[in-house]
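First the structure, in the form of structure tokens, and then the observations on it.
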Amino acid sequence: LLRSQAAAFTNLAPRRAAATRRFSNDAVRALSSNSSDEPPKLQWSTDRVRSTFNEYFQEKHNHDFVKSSPCAPLNDPTLLFTNAGMNQFKPIFMGQVDPNSPLNKLSRAVNSQKCIRAGGKHNDLEDVGKDTYHHTFFEMLGTWSFGDYFKEEAIDWAWDLLVNVYQLDPERIYASYFEGDATLGLEADTQARDCWLKYLPANRVIGCNAKDNFWEMGDAGPCGPCSEVHYDRVGGGRDAAHLVNADDPDVIEIWNIVFMQYNRDNPTSLSQLPNQHIDTGMGLERLTSILQNQPSNYDIDGFKTIIDAIHQLAGPGIGPYEGKVGADDVTLKDTAYRAIADHARCLTFALADGVVPSNEGRGYVLRRILRRGARYASQKEEQPGLLTSLVPTVVATYEDAYPELRVNVQAITDIIAEEEQSFASMLDRGIQYFETNLASSKNDDKSVSGKEAFYLYDTLGFPIDLTALMAEEAGLVLDSAGFEEEMEAQRVRSRAARNAAKLDKLGRGAVRLELVAEQTAYLVNQGIAATDDAPKYDHDDDDANMDGDSNVHMLESEVVAIYTHEDGFVESTSINNSNYEYCGVVLKRTSFYAEAGGQEADVGTLALVSTSFHDNESSERDSENKEAAAAVVFEVSDVQSYGGYILHSGTVVANTNTIGSAIGSFKVGDRVRCQVDRDRRSKIAPNHTMTHVLNAALRKVLSKNNKNSNVAVEQRGSLCNDEKLRFDFSHKSALTLEELQQVEAYVNDVINDNLEVTHQILPLEEAQALPGVVAVFGEVYPDPVRVVTVSGKVSTEFCGGTHLSNTKEARAFVLVEETAVAKGIRRITGVTGEIALTAQQRGAEMEQLFGNGNVNLAELRKELDAAFISAPLKMELRSQLEVLQKKDAEKNKAALNQRIQAVIADLTVSVSLKEKEDVVRVVVQTVDIGANGKASNKVLDALRKVAPNTAFLGISEEEVGSGGKVLCFAVVPQSMIDDHGMNASDWVNETLKVIGGRGGGRPANAQGQAPQCSSEEVALLVQAANAYAGEKLGGISSSAVSTM
């Protein structure tokens, strides 16, 4: 059933069983090595194609080489994956690059970028394997001009490289250009057309519409016309112009040259960018396939190595890869080869760059890729492991260009092996659900509803295409439209949740204000310098003063711009202007910290010192000026940095210190006093400094405790606010109790050692050479960079956050939680300062409670679970509690057994006497065995032996007189069931009904409970039990019914 899509792969298990083990580094190297003779060297290997491209633009046209960013932009949540070479340069195009960032110094750049297109707008996942040119992972050769050269140079150099360096046949080259679009108000790009006509005849320079030749980053942002280079694999003098952009595998696009000259303001509006940029991208695999004269990307050297490895692992029963597609690939063998090879490559690169499988976002997409590859390679009877086995081959193929693969090979192997095993288990669950609930004879309508398919997909992780396949083979109809409706409903819920979270963070239902290229260019053109935010680090700056409130740090500054979501930049905003209720203020200088590096933005107020008037009456209005300044303040709720401009977002509100109605406004040119909430900042600083110390503690403890000396703790995210610190890091398993204790103790030792915390600004290159310096993977740092050091060789990190001056100021640290975030990613949450001291005190109180011998263990468990204390202490106390509960349970079990035996002995004597009387024997009695079902069964078993003809109903409180749970249990002999219609289940239910309880069982025996029962209600239960028995035995005199 599971092999219909890859039927030829049926004998992989014997060759792959070993792949589920953990690979040692030596084993990985051995598996990667080539035992066969080296094939003859290619003239254009993939590595040479890549290096030639970079060297051409570096050496001949003065481009700076910029290393590929990770294929997952870990610091850009707006992108699932890096899907184009321009992603890391997005701040330049958006006008948001930090003036001190290395990016700000670039005018020309070149690289080969690792890309993944498997989610969101650019999604090639479902096409992979079905043809010979789609991939999830690929390399994009790219060049960029940032306000430097433009169309003519870009086209000239593209032609020179392709024809004169790579020596492509110029007779097979076609170029497209943007033909214009009346709906957008854009004319044809005749400049690009004319550039190409210098090299190509008119019939091979083709005008195309906006769909093919107008590039956009997204729904908003930089965009522009583009010119594509296409190549005809067949050649021979034919005219292939009609096959350009016709999805023909023999006439393929190899290079896209984007002329980024517009900004998409909204769906119907474009504006000119202040600077014109070039963004080009050429698929490395496609170009290499042409240079190696191969029919497809999957036939080039890099893929051939991986596909050969698949064939070797598959065994002699599986034929080699033949490159068949569509109807020619009858068994889908070659489709499986391509999908597995592509997905193994994608998984290896993504995991090396820090993405891990999870149930949301990019982690969920990665899990889909892994399961899609595993599905092509597996059947129900086989052990998983093929994708795991391919990791060393992928690493060996690409590690020269991307050495990070070798560094992370062990972690990559472990994660894929675990995911493959998990997927095999998931398949079993999904198949069992399908066969039990959908493919069974009970399915009268012979269909799989959208809700059922969505349940399989969303809850059980079962791929929808596999559900469709199984439905078809079972003769069922899948409601695909219903499934899509369920999926869309889920997307709507997810978007609503994300938007609600954003609004909740900003408050007042506000939309986050953002300055993009158009706005930052406007500020530059107005001669407004980037905001000087150096005072955010100064507690006693010369220009700062304190007004007597130690919680407020004040710096006087000037309003240089006011930005609104509705009308862009305006001259003023006031308290009674509903249009600009939420707006942004740019200052000349600021002491507010803008959100960055995991540290939340400062909040506070901007108080008017003096207002600016643009008339000649300002001197006459001086008193009015002061009154207006006192009447209102700007309440800052969010602070962000865009291109060096610090935007303080918030609302104009009444000054709580003024009396009467508030009037007044904020205007460009006004003098304001920056009032940072210093009390909040003072709680954030220790959390940020201790995050650095926690990072050091984890590196020290985990490397010491792990036998593998190559274990690496890499930061994967952080959050520092006034309540807590949160640190995400790479580690494949939960920390042990001992490790948590050591980490917590290390941080507290650093606090108690009274160590100095210093910072210095250094050139980036010099800072990177510092011994033991720590930087976050994938982060782009400014040059120069700020380096924060905790003395005593504790920690040296690149960081722009606010910190303590001495570790002692943190007072204490408590590790309150350690949990999993995703596969191979752990999260620690901690607190400092007063919150930590309170948690330590509460922990000491809990330890004292455990020393009290007369404590209620059930209540102690509840109190411990709810206690906000150290996580390792809580783990330790839980272990102690389990020991106490075990001892208590043994003690209670012995006592209960004594009570059971006493009850049985008492009933045996009294009931056996009744057995000798010639009456119908019914006994209702309260007993003391707790609310224990197993105990009641023992009593009933004993009664059946000594009084088989007696009907009995027992009532037992959990604790006599407590008012808590009560148990009711009954046994009825078969003779009474047959002759009088008595039913034990009915008897129990009719009895318990009077106090809101219920039970169940069979006619011969049953039991039930009620959650609460007072002493008075026990009597009601006895009365109700007797009433039921009397009703059933209505023809017998009352003396015949015996109640004890």
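Residue numbering restarts at 1 in every chain; chains get A, B, ... in the order shown in the structure tokens, and ligands count up from 1 in that same order.
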Which of stretch 39-240 of chain A fall in strand (DSSP E), as an NGL selection string = :A and (64-65 or 108-116 or 118-119 or 122-123 or 137-146 or 173-178 or 205-208 or 214-216 or 221-232)
With a distance cut-off of 9 Å and only C-alpha atoms, select the neighbouring residues of stretch 749-762 of chain A, excluding the residue or stretch itself and same-chain residues fewer than 6 positions from it, and output the selection as a count of residues only.
-> 26
One decimal, Å: what's the distance from atom CA of A:Ser870 over to atom CA of A:Ala820, could you say?
-> 17.5 Å
Find the residues around A:Ser271 up to 12 Å (only C-alpha atoms counted), leave out those fewer than 6 positions away in its own chain, and share them as a list in words.
-> Leu184, Gly185, Leu186, Ala220, Gly221, Pro222, Cys223, Gly224, Met260, Gln261, Tyr262, Asn263, Arg264, Asp265, Ala517, Glu518 and Gln519 of chain A
Let me see the file: selected residues, N, CA, C and O atoms, as a short mmCIF file (atom, residue, chain, number, x, y, z; two decimals), in the first residue's frame.
```cif
data_model
loop_
_atom_site.label_atom_id
_atom_site.label_comp_id
_atom_site.auth_asym_id
_atom_site.auth_seq_id
_atom_site.Cartn_x
_atom_site.Cartn_y
_atom_site.Cartn_z
N LEU A 184 -0.28 48.82 -14.56
CA LEU A 184 0.67 49.35 -13.60
C LEU A 184 1.17 50.73 -13.99
O LEU A 184 1.91 51.38 -13.23
N GLY A 185 0.78 51.16 -15.18
CA GLY A 185 1.26 52.44 -15.67
C GLY A 185 2.73 52.42 -16.04
O GLY A 185 3.41 53.45 -15.96
N LEU A 186 3.22 51.25 -16.46
CA LEU A 186 4.64 51.10 -16.77
C LEU A 186 4.85 50.82 -18.25
O LEU A 186 4.16 49.98 -18.84
N ALA A 220 4.61 44.04 -0.63
CA ALA A 220 5.11 45.41 -0.51
C ALA A 220 6.62 45.35 -0.52
O ALA A 220 7.23 44.33 -0.21
N GLY A 221 7.25 46.46 -0.92
CA GLY A 221 8.71 46.52 -0.90
C GLY A 221 9.31 46.73 -2.27
O GLY A 221 8.61 46.91 -3.28
N PRO A 222 10.65 46.72 -2.35
CA PRO A 222 11.35 46.98 -3.60
C PRO A 222 10.99 45.97 -4.69
O PRO A 222 10.75 44.79 -4.42
N CYS A 223 10.95 46.43 -5.95
CA CYS A 223 10.59 45.58 -7.08
C CYS A 223 11.08 46.25 -8.36
O CYS A 223 11.62 47.36 -8.33
N GLY A 224 10.88 45.58 -9.48
CA GLY A 224 11.27 46.19 -10.74
C GLY A 224 11.23 45.21 -11.88
O GLY A 224 11.06 44.00 -11.69
N MET A 260 16.09 46.74 -9.89
CA MET A 260 15.26 47.15 -8.76
C MET A 260 15.18 48.67 -8.71
O MET A 260 16.08 49.33 -8.20
N GLN A 261 14.10 49.20 -9.26
CA GLN A 261 13.98 50.65 -9.38
C GLN A 261 12.68 51.21 -8.81
O GLN A 261 12.50 52.42 -8.74
N TYR A 262 11.75 50.32 -8.37
CA TYR A 262 10.48 50.78 -7.82
C TYR A 262 10.28 50.24 -6.40
O TYR A 262 10.96 49.31 -5.96
N ASN A 263 9.32 50.82 -5.71
CA ASN A 263 8.86 50.30 -4.42
C ASN A 263 7.37 50.03 -4.53
O ASN A 263 6.60 50.90 -4.96
N ARG A 264 6.96 48.82 -4.15
CA ARG A 264 5.53 48.49 -4.13
C ARG A 264 4.94 49.04 -2.85
O ARG A 264 5.16 48.54 -1.76
N ASP A 265 4.18 50.13 -2.97
CA ASP A 265 3.58 50.76 -1.79
C ASP A 265 2.34 50.02 -1.32
O ASP A 265 2.11 49.85 -0.13
N ALA A 517 12.47 51.74 2.62
CA ALA A 517 13.39 52.52 1.78
C ALA A 517 12.88 53.92 1.48
O ALA A 517 13.63 54.90 1.53
N GLU A 518 11.59 54.03 1.16
CA GLU A 518 11.03 55.33 0.80
C GLU A 518 11.15 56.32 1.96
O GLU A 518 11.50 57.49 1.77
N GLN A 519 10.86 55.83 3.17
CA GLN A 519 10.87 56.72 4.34
C GLN A 519 12.31 57.08 4.76
O GLN A 519 12.61 58.24 5.06
#
```
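Closest approach to A:Glu404 among A:Glu419, A:Ser69, A:Pro267, A:Gly669: A:Ser69, based on only C-alpha atoms.
Near A:Glu179, within 8 Å and counting only C-alpha atoms, sit Glu187, Ala188, Asp189, Gly207, Cys208, Asn209 and Ala210 of chain A, not including residues fewer than 4 positions from it in the same chain.
Note that atom CA of A:Glu739 and atom CA of A:Leu698 are 8.7 Å apart.
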Point out the residue among A:Tyr593, A:Phe349, A:Phe666, A:Phe952 with the least atom-to-atom distance to A:Asp638, counting only C-alpha atoms.
-> A:Tyr593
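With atom CA of A:Ala72 on one side and atom CA of A:Met86 on the other, the separation reads 13.2 Å.
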Enumerate as a PyMOL selection string all residues of stretch 408-541 of chain A assigned to helix (DSSP H, G or I) by DSSP on the backbone, naming them with the chain letters and numbers the document uses.
-> chain A and resi 409-438+450-458+464-473+480-506+517-525+534-537
